[in-house]
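Colleague: Got a structure for you, questions after.
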Amino acid sequence: MTYTLTTPLYYVNDRPHLGSAYTTLACDALARFQRLRGEQVLFITGCDEHGQKIQRTAEAAGLSPQAHCDAVSAQYRELWERWQISNDRLIRTTDPRHRRIVEQFFARVEASGDIVEGRQQGWYCVACEEFKDDPHEAQDPECPTHRRPLEWRDELNLFFRLSRYQEQIEALINTPGFIQPASRRNEVENFVRQGLRDFSISRVNLPWGIPVPGHEGHTFYVWFDALLGYITALLEEGDAPDLDTALSRGWPASVHVIGKDILRFHAVYWPAMLLSAGLSLPAKVFGHGFLTREGQKMGKSLGNVLDPELLLERCGRDAVRWYLLRDIPFGDDGDFQQQRFSDLVNNDLANTIGNLLNRTSSMARRWFEESVPPAGPASADDHPLAQAAAAARQTVLTSLEVLNFRSAAEATLQLAIAANGFLNEQAPWSRMKQEGTREQVAADLYAVLEAARIVALLLAPLLPDLSSRMLQQLSHPDPRPGSWEADMHWGGLLSGSSLPEPSPVMARLELDSPL
RNA sequence: GGCUCGGUAGCUCAGCUGGUUAGAGCGUGGGAUUCAUAACCCCAAGGUCGGGAGUUCAAGUCUCCCCCGAGCCA
């Protein structure tokens, strides 16, 4: 069974922002975790490139839509490379193969009688790419989210008969665990209970889209096309653009990770479309929260957007990943606070974790021939640090399974804190001044080094870079997919292996100016 | 307007089915120590748990009303 997970396919209307980076980072941690556990992972991200909004943005910039999409999607690609995101795919909905997949999918939906012609009349927000339900009787209604004027539309469209799936969708969203976090389920439930209405899946007079086969003049509505990108993305390099082939590569998805704003599309429309085409449904949809900055919404008008590229350059991958994953409950909204950001990075990563390794390694080298001391009694499973390590490991495993990055980070940190405490209690530096304590000191240092090794391994999904640097200092190989959990058993550190000269694995963050 | 979710130490939050002196991290103050990245370790201050009423032997924890914030739908 392939573990398929997806980020949203980001709309290329604008350059990448921190929100997309946040989602992608979280997915990366999850993907790494699943790979380490030995799962066969297919990590999908990509770009959604059709629709009127794109067309207009391109026009405004004096570019062809395709040129515009090429440019923006290249920015995404570069950004993910820079962040070292481990995605297996980066699908673009302008990929020619995608068109074939959409056509085949549509044919199935049409064959099940779920496509009807209808008249779509109403106020449309181009920014949302969505019809708004009767916005009062105002003569100049505007979109509540974009605060831009709505456009009146009256056109003949193709509709998807969503209403036929009322009961199935109700059952689906009541399935425990399908919508995560559970707190968001109410919202969707509420929406569905009011009765599902058919929604239009085509537009007329919109050239920048995939033509609907057999319906001259119609192109697919962006969402219909975009969601299917998850399936096109399954195709491997040389595969023919065939729906069944794609599906065989890893459908259904184990989880769609999305922002809470597009939950409805993923938890209602998308499953209904899949049901109609006779395909199986994703196991889970996880809608995470939004980030604010110092208590304020980020936005161009406020001029307070945090550029993910700049953030990466100034602070580094580990710092940003740690802060976002460790401090913000995944699922809830979070606030990016610079002071807290540097406090946490410095305290947790540099002081608690980094320094733990540094001080221990330094002692071991000094007193035990620059190598890992003999474990002696410290190899026993009932050693206090062995027990702390086992507990941390357990928590990390169960937390990451349910995308609770925060709890995983905390548990890892706890182990490092326990090891620092143990070191202070045992005070090997004073013992070394007495006679006949060498064996005890060796055991204590071994235990702490071993705890540090396990901290490093536990960190591998969340902070692969830091993890790797720590393991290097311990002369220990990076974890391998599938053997990670076994690697974390107490006593895996080899006594006698040489320890390189320690240097800080994590530099303190000194942010003198605002980001 | 309807519905949902929040309002707990300066800050970010834990507190499951109601039950001893309400917890953690950060920040702040003090102490101890020297192996280490001015770091680690220990201790302390600090909260009428948004307001009010009620149920109960007992309520952050249940009920009702009100105030504030966020969101979904109208």
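Following the order of the structure tokens, chains are lettered A, B, ..., residues in each are numbered from 1, and ligands are numbered from 1.
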Distance limit 12 Å, atoms considered: only C-alpha atoms (C1' of nucleotides). Which chain B residues sit that close to chain A? Return them as a list of chain:residue names.
Modeller: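 Per the criterion, chain B yields B:G2, B:C3, B:U4, B:C5, B:G6, B:C11, B:U12, B:C13, B:A14, B:A24, B:G25, B:C26, B:G27, B:A32, B:U33, B:U34, B:C35, B:A36, B:U37, B:A38, B:A39, B:C40, B:C41, B:C42, B:A70, B:G71, B:C72, B:C73, B:A74.
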Colleague: With only C-alpha atoms (C1' of nucleotides) as the counted atoms, please give the residues lying no more than 7 Å from A:Arg92, apart from itself and same-chain residues fewer than 5 positions off, as a PyMOL selection string.
Modeller: chain A and resi 46-49
Colleague: Store the residues of this selection in a file with all heavy atoms, as a PDB file, in the first residue's frame.
Modeller:
ATOM      1  N   GLY A  46       2.063  20.615  -6.094  1.00  0.00           N
ATOM      2  CA  GLY A  46       1.923  21.071  -7.463  1.00  0.00           C
ATOM      3  C   GLY A  46       1.280  22.424  -7.565  1.00  0.00           C
ATOM      4  O   GLY A  46       1.126  23.134  -6.569  1.00  0.00           O
ATOM      5  N   CYS A  47       0.927  22.761  -8.787  1.00  0.00           N
ATOM      6  CA  CYS A  47       0.358  24.070  -9.053  1.00  0.00           C
ATOM      7  C   CYS A  47      -0.928  23.948  -9.860  1.00  0.00           C
ATOM      8  O   CYS A  47      -1.039  23.137 -10.770  1.00  0.00           O
ATOM      9  CB  CYS A  47       1.349  24.917  -9.846  1.00  0.00           C
ATOM     10  SG  CYS A  47       2.814  25.360  -8.908  1.00  0.00           S
ATOM     11  N   ASP A  48      -1.840  24.787  -9.506  1.00  0.00           N
ATOM     12  CA  ASP A  48      -3.137  24.878 -10.155  1.00  0.00           C
ATOM     13  C   ASP A  48      -3.069  26.110 -11.053  1.00  0.00           C
ATOM     14  O   ASP A  48      -2.835  27.205 -10.561  1.00  0.00           O
ATOM     15  CB  ASP A  48      -4.191  25.023  -9.051  1.00  0.00           C
ATOM     16  CG  ASP A  48      -5.570  25.342  -9.593  1.00  0.00           C
ATOM     17  OD1 ASP A  48      -5.793  25.191 -10.803  1.00  0.00           O
ATOM     18  OD2 ASP A  48      -6.421  25.751  -8.784  1.00  0.00           O
ATOM     19  N   GLU A  49      -3.226  25.925 -12.351  1.00  0.00           N
ATOM     20  CA  GLU A  49      -2.831  27.000 -13.243  1.00  0.00           C
ATOM     21  C   GLU A  49      -3.904  27.527 -14.184  1.00  0.00           C
ATOM     22  O   GLU A  49      -3.627  28.362 -15.045  1.00  0.00           O
ATOM     23  CB  GLU A  49      -1.600  26.554 -14.063  1.00  0.00           C
ATOM     24  CG  GLU A  49      -0.510  25.971 -13.168  1.00  0.00           C
ATOM     25  CD  GLU A  49       0.822  25.756 -13.876  1.00  0.00           C
ATOM     26  OE1 GLU A  49       0.859  25.878 -15.116  1.00  0.00           O
ATOM     27  OE2 GLU A  49       1.812  25.472 -13.190  1.00  0.00           O
TER      28      GLU A  49
END
Colleague: For atom C1' of B:G30 and atom CA of A:Ala418, quote the distance in Å rounded to one decimal.
Modeller: 23.1 Å
Colleague: Find the residues near stretch 318-325 of chain A: any atom within 6 Å, counting only C-alpha atoms (C1' of nucleotides), skip ones fewer than 6 places away on the same chain, and give them as an mmCIF file with N, CA and C atoms, in the first residue's frame.
Modeller:
data_model
loop_
_atom_site.group_PDB
_atom_site.id
_atom_site.type_symbol
_atom_site.label_atom_id
_atom_site.label_comp_id
_atom_site.auth_asym_id
_atom_site.auth_seq_id
_atom_site.Cartn_x
_atom_site.Cartn_y
_atom_site.Cartn_z
ATOM 1 N N PHE A 341 9.929 33.197 18.242
ATOM 2 C CA PHE A 341 10.648 32.400 17.255
ATOM 3 C C PHE A 341 12.108 32.238 17.665
ATOM 4 N N VAL A 345 13.921 28.778 19.210
ATOM 5 C CA VAL A 345 15.004 28.160 18.455
ATOM 6 C C VAL A 345 16.259 28.114 19.325
ATOM 7 N N PHE A 405 2.514 17.385 15.223
ATOM 8 C CA PHE A 405 3.944 17.679 15.181
ATOM 9 C C PHE A 405 4.410 18.288 16.494
ATOM 10 N N ARG A 406 3.519 19.044 17.059
ATOM 11 C CA ARG A 406 3.864 19.751 18.274
ATOM 12 C C ARG A 406 4.187 18.784 19.407
ATOM 13 N N LEU A 463 13.332 17.759 11.561
ATOM 14 C CA LEU A 463 14.498 18.581 11.216
ATOM 15 C C LEU A 463 15.597 17.698 10.645
#
Colleague: Using DSSP on the backbone coordinates, identify all residues within stretch 50-291 of chain A classified as strand (DSSP E or B); present the result as a ChimeraX atom specification.
Modeller: /A:89-92,115-125,130-132,142,149,151-160,179-180,199-200,202-204,211,218-220,255-259,285-288,291
Colleague: List as a list in words the protein and nucleic acid residues near stretch 48-53 of chain B, meaning an atom at most 10 Å away when only C-alpha atoms (C1' of nucleotides) are counted, but skip any in the same chain fewer than 6 places from it.
Modeller: G7, U8, A9, A22, G60, C64, C65, C66, C67 and C68 of chain B
Colleague: Can I get the selected residues back with C-alpha atoms (C1' of nucleotides), as a compact mmCIF listing (two decimals), in the first residue's frame?
Modeller:
# COMPACT_ATOMS: atom_id res chain seq x y z
C1' G B 7 -11.97 33.60 26.18
C1' U B 8 -7.22 29.72 32.22
C1' A B 9 -0.46 33.02 35.16
C1' A B 22 -5.37 24.95 38.99
C1' G B 60 -12.22 26.09 34.56
C1' C B 64 -29.04 29.34 31.45
C1' C B 65 -28.15 34.60 30.44
C1' C B 66 -24.69 38.41 29.12
C1' C B 67 -19.87 40.52 27.22
C1' C B 68 -15.54 39.88 23.86
Colleague: Take atom CA of A:Val126 and atom CA of A:Gly299 and report the distance between them in Å, one decimal.
Modeller: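 For atom CA of A:Val126 relative to atom CA of A:Gly299, the distance reads 18.5 Å.
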Colleague: Smallest atom-to-atom distance to A:Glu81: which of A:Thr24, A:Ser342, A:Thr175, A:Ser254, using only C-alpha atoms?
Modeller: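 Nearest candidate to A:Glu81 out of A:Thr24, A:Ser342, A:Thr175, A:Ser254: A:Thr24.
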